[in-house]
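Visitor: Below is one structure. I have some questions about it.
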Amino acid sequence: MPRPLVLTADRAARLFLGAQGLLEPPDAGASPTALRRVIEALGFVQVDSIQAAGRAQDLILHARLAGYREGQVWDLLRDRSLFEGFTHDASLVPVGWYPHWRPRWRRDDPRIRAHPWWRNLLGPEADRIADHVLARIQDEGPLGSADFDHPGKRGSWWGWKPQKAALDHLWRTGRLAVVDRIGFQKRYDLPERVYPEAHGLPEPSREAHLAWACGTAAERLLVFTPRELAAFWACVDLPEARAWCATEQRAGRIIAVRVEGVEGSASQEALALADLEDRLEVLPEPWSGVRLLAPFDPLVRDRARCLRRFGFDYRFEAFTPEAKRQYGYYTLPILEGDRLVGRLDPRLHRGRRVLEVRGLWWEPGIRPTKVRRTRLEAALARLAGLLGAERVEGSE
């Protein structure tokens, strides 16, 4: 058996940055075509409701497209280039992959029904309420949670009422599709009316689905473990991912690699696409500027991988009691070139049109030089422009 190719931590990090569209300067344009291209390259964009300083989906896309406008991604949901599906969380996904959600819908229905958390939300009349919700949407067209009244006590999750839980359950299992969002509230309709062409396509075979799930994940990670492949879409299990990797390795399409640890940490045995060395040769030099990344940016979404690749220990503390936070409510990682050099905690005051930096923390060994601060100020100015803020306060 050939010895694994050895990758330095720096080269592995740069490969991942290139795969995530974060080596070259942010594209000045943000046409629908450019936006579709970025989302397809990423695979999906996670959607999140927290808007301390813009929502995650906007921050993810703005880090790659400087001309991106706040909320622009919803245009692609409305023109049916994207659909809203569940990966590890609510996400916007290219519509061409819609048939690959059919196995997930079938898998998730019994899981949801059996889960105590969901059972509590759906209540004892879950099927009757679901039938009522479907019948109203069938007759009336797109509806959201606000279109359903419920005089009784609400559930325990953010005041969810049974009809809201039913809508989400029906969406999670493919019986409803998200038409659009008003504000951030979903409106649902029957999937055959929202995506008539995609909805009519047959479900892929298990073999085809496995090849798609692992193959598309491998193309977006470049260096990976079977566990990371399985986690990317969260639609195949670990034994399936291991079996796929073994088959691809025997065929010579993927190879074994050993990734050296950051600053003397342990190395990692992993796999990579067989043309890895060719990809390394054509990687561009990293842009020298600074970008602010969303907490759910693909670069940092897997916290363990982020620590291995970059030596950056990121944690999301929005749901941590304030007294127990190490940093802030909604800290954004600071990417400079090919290094994660710090984090900051922003807060947008829309009424005052002010973007406030509530805290700024540089990584150990990173000096806040004049050049570095100038780059950070430029990144904050771009973020302020995205969010409609007229000035930035507290960046010192």
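Residue numbering restarts at 1 in every chain; chains get A, B, ... in the order shown in the structure tokens, and ligands count up from 1 in that same order.
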Write down as a ChimeraX atom specification the residues of segment 191-268 of chain A whose backbone DSSP state falls under strand (DSSP E).

Guide: /A:223-224,254-259,268

Visitor: Write out as a ChimeraX atom specification each polymer residue whose atoms come within 6 Å of segment 90-106 of chain A, counting only C-alpha atoms; drop sequence neighbours fewer than 5 positions from it.

Guide: /A:44-47,81-85,173-174,203

Visitor: Residues as selected, N, CA and C atoms, written as a CSV table (one decimal), in the first residue's frame, can you do that?

Guide:
chain,number,residue,atom,x,y,z
A,44,PHE,N,-24.7,24.6,-0.3
A,44,PHE,CA,-25.9,25.1,0.3
A,44,PHE,C,-25.5,26.3,1.2
A,45,VAL,N,-26.5,27.1,1.5
A,45,VAL,CA,-26.3,28.2,2.4
A,45,VAL,C,-27.3,28.1,3.6
A,46,GLN,N,-26.7,28.0,4.8
A,46,GLN,CA,-27.6,27.9,6.0
A,46,GLN,C,-28.3,29.2,6.2
A,47,VAL,N,-29.6,29.0,6.6
A,47,VAL,CA,-30.5,30.1,6.9
A,47,VAL,C,-30.6,30.2,8.4
A,81,SER,N,-34.8,29.1,-8.5
A,81,SER,CA,-33.5,28.5,-8.6
A,81,SER,C,-33.0,27.7,-7.4
A,82,LEU,N,-33.6,28.1,-6.3
A,82,LEU,CA,-33.3,27.4,-5.0
A,82,LEU,C,-34.5,26.9,-4.4
A,83,PHE,N,-34.4,25.9,-3.5
A,83,PHE,CA,-35.4,25.5,-2.6
A,83,PHE,C,-34.9,25.5,-1.2
A,84,GLU,N,-35.8,25.6,-0.3
A,84,GLU,CA,-35.4,25.6,1.1
A,84,GLU,C,-35.6,24.2,1.6
A,85,GLY,N,-34.5,23.6,2.0
A,85,GLY,CA,-34.5,22.2,2.5
A,85,GLY,C,-33.7,22.1,3.8
A,173,THR,N,-40.9,17.0,5.9
A,173,THR,CA,-41.1,15.7,5.3
A,173,THR,C,-41.6,15.7,3.9
A,174,GLY,N,-41.5,16.9,3.2
A,174,GLY,CA,-41.7,17.0,1.8
A,174,GLY,C,-43.1,17.2,1.4
A,203,GLU,N,-37.3,9.6,-7.6
A,203,GLU,CA,-36.4,9.5,-6.5
A,203,GLU,C,-35.1,8.7,-7.0

Visitor: State, in Å with one decimal place, the distance from atom CA of Asp10 of chain A to atom CA of Ile334 of chain A.

Guide: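 Distance between the two atoms: 17.2 Å.
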
Visitor: Ala217 of chain A: which residues within 6 Å, counting only C-alpha atoms, same-chain residues fewer than 3 positions away excluded, as a ChimeraX atom specification?

Guide: /A:214,220,229

Visitor: Do you know which residues are at most 10 Å from Ala13 of chain A counting only C-alpha atoms, after dropping those on the same chain fewer than 4 positions away, and could you put them as an mmCIF file with N, CA and C atoms, in the first residue's frame?

Guide:
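As a result, around_32.cif now contains:
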data_model
loop_
_atom_site.group_PDB
_atom_site.id
_atom_site.type_symbol
_atom_site.label_atom_id
_atom_site.label_comp_id
_atom_site.auth_asym_id
_atom_site.auth_seq_id
_atom_site.Cartn_x
_atom_site.Cartn_y
_atom_site.Cartn_z
ATOM 1 N N LEU A 7 0.431 16.383 3.869
ATOM 2 C CA LEU A 7 0.025 17.766 3.645
ATOM 3 C C LEU A 7 0.374 18.584 4.878
ATOM 4 N N THR A 8 1.031 19.711 4.689
ATOM 5 C CA THR A 8 1.227 20.607 5.822
ATOM 6 C C THR A 8 -0.117 21.225 6.202
ATOM 7 N N ALA A 9 -0.206 21.694 7.418
ATOM 8 C CA ALA A 9 -1.441 22.338 7.871
ATOM 9 C C ALA A 9 -1.761 23.556 7.010
ATOM 10 N N LEU A 17 -9.786 26.823 1.946
ATOM 11 C CA LEU A 17 -10.171 28.195 1.632
ATOM 12 C C LEU A 17 -10.510 28.350 0.154
ATOM 13 N N GLY A 18 -9.695 27.736 -0.707
ATOM 14 C CA GLY A 18 -9.983 27.812 -2.133
ATOM 15 C C GLY A 18 -11.297 27.158 -2.489
ATOM 16 N N ALA A 19 -11.558 25.996 -1.898
ATOM 17 C CA ALA A 19 -12.814 25.295 -2.169
ATOM 18 C C ALA A 19 -14.014 26.100 -1.694
ATOM 19 N N VAL A 223 -10.238 17.632 1.213
ATOM 20 C CA VAL A 223 -9.578 16.749 2.180
ATOM 21 C C VAL A 223 -10.618 16.441 3.247
ATOM 22 N N VAL A 259 -2.518 14.827 7.248
ATOM 23 C CA VAL A 259 -2.478 16.279 7.401
ATOM 24 C C VAL A 259 -1.757 16.610 8.698
ATOM 25 N N VAL A 262 -1.624 21.773 13.327
ATOM 26 C CA VAL A 262 -1.248 23.177 13.476
ATOM 27 C C VAL A 262 -0.387 23.332 14.719
ATOM 28 N N LEU A 299 -16.650 27.694 6.307
ATOM 29 C CA LEU A 299 -15.261 27.580 6.756
ATOM 30 C C LEU A 299 -15.178 27.223 8.234
ATOM 31 N N ARG A 305 -13.062 20.820 12.815
ATOM 32 C CA ARG A 305 -12.224 20.971 11.623
ATOM 33 C C ARG A 305 -11.568 22.347 11.610
ATOM 34 N N CYS A 306 -12.289 23.367 12.003
ATOM 35 C CA CYS A 306 -11.732 24.720 12.061
ATOM 36 C C CYS A 306 -10.526 24.765 13.000
ATOM 37 N N ARG A 308 -8.593 22.174 13.810
ATOM 38 C CA ARG A 308 -7.500 21.391 13.214
ATOM 39 C C ARG A 308 -6.824 22.146 12.084
ATOM 40 N N ARG A 309 -7.610 22.761 11.204
ATOM 41 C CA ARG A 309 -7.042 23.385 10.012
ATOM 42 C C ARG A 309 -6.383 24.730 10.310
ATOM 43 N N PHE A 310 -6.976 25.490 11.234
ATOM 44 C CA PHE A 310 -6.536 26.874 11.419
ATOM 45 C C PHE A 310 -6.051 27.183 12.835
ATOM 46 N N ASP A 338 -5.040 34.019 4.490
ATOM 47 C CA ASP A 338 -5.393 32.616 4.713
ATOM 48 C C ASP A 338 -5.336 32.247 6.194
ATOM 49 N N ARG A 339 -5.476 33.248 7.077
ATOM 50 C CA ARG A 339 -5.412 32.996 8.522
ATOM 51 C C ARG A 339 -6.633 33.586 9.222
#

Visitor: Would you list the contacts of Leu65 of chain A as number ranges by chain, taking every protein, DNA or RNA residue within 9 Å and counting only C-alpha atoms, but skipping same-chain residues closer than 3 positions in sequence?

Guide: A: 25-30, 34-35, 38, 61-62, 68

Visitor: Can you spit out the residues from that selection as a CSV table (one decimal), in the first residue's frame, using C-alpha atoms?

Guide:
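As written to disk, again_11.csv reads:
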chain,number,residue,atom,x,y,z
A,25,PRO,CA,-10.9,39.0,-3.4
A,26,PRO,CA,-14.7,39.2,-3.0
A,27,ASP,CA,-16.3,39.6,-6.5
A,28,ALA,CA,-17.5,43.2,-7.0
A,29,GLY,CA,-20.6,42.0,-8.8
A,30,ALA,CA,-23.5,40.0,-7.5
A,34,ALA,CA,-22.9,34.9,-9.8
A,35,LEU,CA,-25.1,34.3,-6.8
A,38,VAL,CA,-21.4,30.8,-5.4
A,61,LEU,CA,-22.7,35.5,0.6
A,62,HIS,CA,-21.4,39.0,1.2
A,68,TYR,CA,-24.3,41.4,-2.6

Visitor: Mind listing the alpha helix (DSSP H) residues of segment 101-311 of chain A, per DSSP on the backbone, as a VMD selection string?

Guide: chain A and resid 102 to 114 116 to 122 126 to 140 162 to 172 191 to 194 196 to 199 206 to 221 226 to 233 238 to 250 276 to 281 303 to 310

Visitor: Store the residues of this selection in a file with C-alpha atoms, as a CSV table (one decimal), in the first residue's frame.

Guide:
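This is the output file selection-v7.csv:
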chain,number,residue,atom,x,y,z
A,102,ARG,CA,-36.9,12.4,-1.1
A,103,PRO,CA,-35.0,9.8,0.9
A,104,ARG,CA,-34.5,12.3,3.7
A,105,TRP,CA,-38.2,13.2,3.8
A,106,ARG,CA,-39.1,9.5,4.1
A,107,ARG,CA,-36.5,8.9,6.7
A,108,ASP,CA,-37.3,12.0,8.8
A,109,ASP,CA,-41.1,11.5,9.1
A,110,PRO,CA,-41.0,8.5,11.6
A,111,ARG,CA,-38.0,10.1,13.4
A,112,ILE,CA,-40.0,13.3,14.0
A,113,ARG,CA,-43.1,11.5,15.1
A,114,ALA,CA,-41.2,9.5,17.6
A,116,PRO,CA,-40.5,13.6,22.5
A,117,TRP,CA,-39.6,17.2,21.6
A,118,TRP,CA,-41.7,17.0,18.4
A,119,ARG,CA,-44.5,15.1,20.0
A,120,ASN,CA,-44.8,17.8,22.6
A,121,LEU,CA,-45.0,20.5,19.9
A,122,LEU,CA,-47.4,18.6,17.6
A,126,ALA,CA,-51.1,16.0,15.2
A,127,ASP,CA,-52.6,14.1,12.2
A,128,ARG,CA,-55.9,16.0,12.4
A,129,ILE,CA,-54.1,19.3,12.5
A,130,ALA,CA,-51.8,18.3,9.7
A,131,ASP,CA,-54.8,17.3,7.5
A,132,HIS,CA,-56.5,20.7,8.4
A,133,VAL,CA,-53.4,22.6,7.4
A,134,LEU,CA,-53.0,20.8,4.1
A,135,ALA,CA,-56.7,21.2,3.3
A,136,ARG,CA,-56.6,24.9,3.8
A,137,ILE,CA,-53.4,25.3,1.7
A,138,GLN,CA,-54.9,23.1,-1.0
A,139,ASP,CA,-58.0,25.4,-1.2
A,140,GLU,CA,-56.5,28.8,-0.4
A,162,PRO,CA,-49.5,23.2,17.0
A,163,GLN,CA,-50.3,24.6,13.5
A,164,LYS,CA,-46.8,26.1,13.2
A,165,ALA,CA,-45.3,22.8,14.3
A,166,ALA,CA,-47.5,21.0,11.8
A,167,LEU,CA,-46.3,23.4,9.0
A,168,ASP,CA,-42.7,22.7,9.9
A,169,HIS,CA,-43.3,19.0,10.1
A,170,LEU,CA,-45.0,18.9,6.7
A,171,TRP,CA,-42.1,20.9,5.2
A,172,ARG,CA,-39.5,18.7,6.9
A,191,PRO,CA,-44.6,21.2,-3.6
A,192,GLU,CA,-46.2,20.2,-6.9
A,193,ARG,CA,-47.4,23.8,-7.3
A,194,VAL,CA,-44.1,25.4,-6.2
A,196,PRO,CA,-43.7,21.3,-10.6
A,197,GLU,CA,-40.8,20.2,-12.7
A,198,ALA,CA,-38.5,19.1,-9.9
A,199,HIS,CA,-41.3,17.6,-7.9
A,206,ARG,CA,-29.8,4.5,-3.0
A,207,GLU,CA,-26.6,3.9,-4.9
A,208,ALA,CA,-27.1,7.1,-7.0
A,209,HIS,CA,-28.0,9.1,-3.9
A,210,LEU,CA,-24.9,7.8,-2.0
A,211,ALA,CA,-22.7,8.7,-4.9
A,212,TRP,CA,-24.2,12.2,-5.1
A,213,ALA,CA,-24.0,12.9,-1.4
A,214,CYS,CA,-20.4,11.7,-0.9
A,215,GLY,CA,-19.2,13.0,-4.3
A,216,THR,CA,-20.5,16.5,-3.9
A,217,ALA,CA,-19.3,16.7,-0.4
A,218,ALA,CA,-15.8,15.5,-1.4
A,219,GLU,CA,-15.6,18.1,-4.1
A,220,ARG,CA,-16.4,20.9,-1.6
A,221,LEU,CA,-14.1,19.6,1.2
A,226,PRO,CA,-15.8,9.5,6.0
A,227,ARG,CA,-17.4,11.2,9.0
A,228,GLU,CA,-17.1,14.6,7.5
A,229,LEU,CA,-18.6,13.4,4.2
A,230,ALA,CA,-21.6,11.9,6.1
A,231,ALA,CA,-22.0,15.1,8.0
A,232,PHE,CA,-21.9,17.4,5.0
A,233,TRP,CA,-25.5,16.9,3.9
A,238,LEU,CA,-21.2,6.8,8.5
A,239,PRO,CA,-21.0,3.1,7.4
A,240,GLU,CA,-22.3,4.1,4.0
A,241,ALA,CA,-19.8,6.9,3.7
A,242,ARG,CA,-17.0,4.5,4.7
A,243,ALA,CA,-18.1,2.0,2.1
A,244,TRP,CA,-18.2,4.7,-0.6
A,245,CYS,CA,-14.7,5.9,0.4
A,246,ALA,CA,-13.4,2.3,0.2
A,247,THR,CA,-14.8,1.8,-3.3
A,248,GLU,CA,-13.5,5.2,-4.5
A,249,GLN,CA,-10.0,4.5,-3.1
A,250,ARG,CA,-9.8,1.1,-4.8
A,276,LEU,CA,-5.1,17.0,-5.1
A,277,GLU,CA,-1.5,17.9,-6.1
A,278,ASP,CA,-2.8,19.4,-9.4
A,279,ARG,CA,-5.3,21.5,-7.4
A,280,LEU,CA,-2.5,22.7,-5.2
A,281,GLU,CA,-0.5,23.9,-8.1
A,303,ARG,CA,-15.8,23.7,14.9
A,304,ALA,CA,-13.4,20.7,15.2
A,305,ARG,CA,-12.2,21.0,11.6
A,306,CYS,CA,-11.7,24.7,12.1
A,307,LEU,CA,-9.5,24.1,15.1
A,308,ARG,CA,-7.5,21.4,13.2
A,309,ARG,CA,-7.0,23.4,10.0
A,310,PHE,CA,-6.5,26.9,11.4

Visitor: Can you list, as an mmCIF file with C-alpha atoms, in the first residue's frame, every protein, DNA or RNA residue that comes within 10 Å of Leu386 of chain A when you count only C-alpha atoms, leaving out same-chain residues fewer than 5 positions away?

Guide:
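The resulting file, selection-v6.cif, is shown below:
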data_model
loop_
_atom_site.group_PDB
_atom_site.id
_atom_site.type_symbol
_atom_site.label_atom_id
_atom_site.label_comp_id
_atom_site.auth_asym_id
_atom_site.auth_seq_id
_atom_site.Cartn_x
_atom_site.Cartn_y
_atom_site.Cartn_z
ATOM 1 C CA ALA A 53 -25.558 42.227 12.689
ATOM 2 C CA GLY A 54 -27.232 40.829 9.606
ATOM 3 C CA ASP A 58 -26.399 37.365 3.944
ATOM 4 C CA LEU A 59 -23.037 37.392 5.725
ATOM 5 C CA HIS A 62 -21.370 38.953 1.223
ATOM 6 C CA ALA A 66 -18.896 42.353 -2.279
ATOM 7 C CA GLY A 67 -21.826 43.634 -4.344
ATOM 8 C CA TYR A 68 -24.338 41.383 -2.608
ATOM 9 C CA ARG A 69 -27.436 43.174 -1.234
ATOM 10 C CA GLU A 70 -29.090 42.264 2.058
ATOM 11 C CA GLY A 71 -31.875 39.751 1.421
ATOM 12 C CA LEU A 380 -16.385 46.778 8.808
ATOM 13 C CA ALA A 381 -17.239 49.526 6.330
#

Visitor: Write out, as CSV, each residue of segment 295-334 of chain A that has an atom at most 10 Å from segment 49-52 of chain A, together with the closest pair of atoms and their distance in Å to one decimal, counting only C-alpha atoms, rows going by chain and rising number.

Guide:
residue,atom,partner,partner_atom,distance
A:Ala318,CA,A:Ile50,CA,9.0
A:Tyr329,CA,A:Ala52,CA,8.4
A:Tyr330,CA,A:Ala52,CA,6.8
A:Thr331,CA,A:Ala52,CA,9.8

Visitor: In Å, with one decimal, what is the gap from atom CA of Leu23 of chain A to atom CA of Leu340 of chain A?

Guide: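 Atom CA of Leu340 of chain A lies 12.5 Å from atom CA of Leu23 of chain A.
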
Visitor: So that I can check the surroundings of Leu292 of chain A, please list as a count of residues only every protein, DNA and RNA residue that reaches within 7 Å of it, counting only C-alpha atoms and ignoring chain neighbours fewer than 6 positions away.

Guide: 6

Visitor: Please, what distance in Å, to one decimal, runs between atom CA of Gly337 of chain A and atom CA of Val392 of chain A?

Guide: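 Atom CA of Gly337 of chain A sits 22.7 Å away from atom CA of Val392 of chain A.
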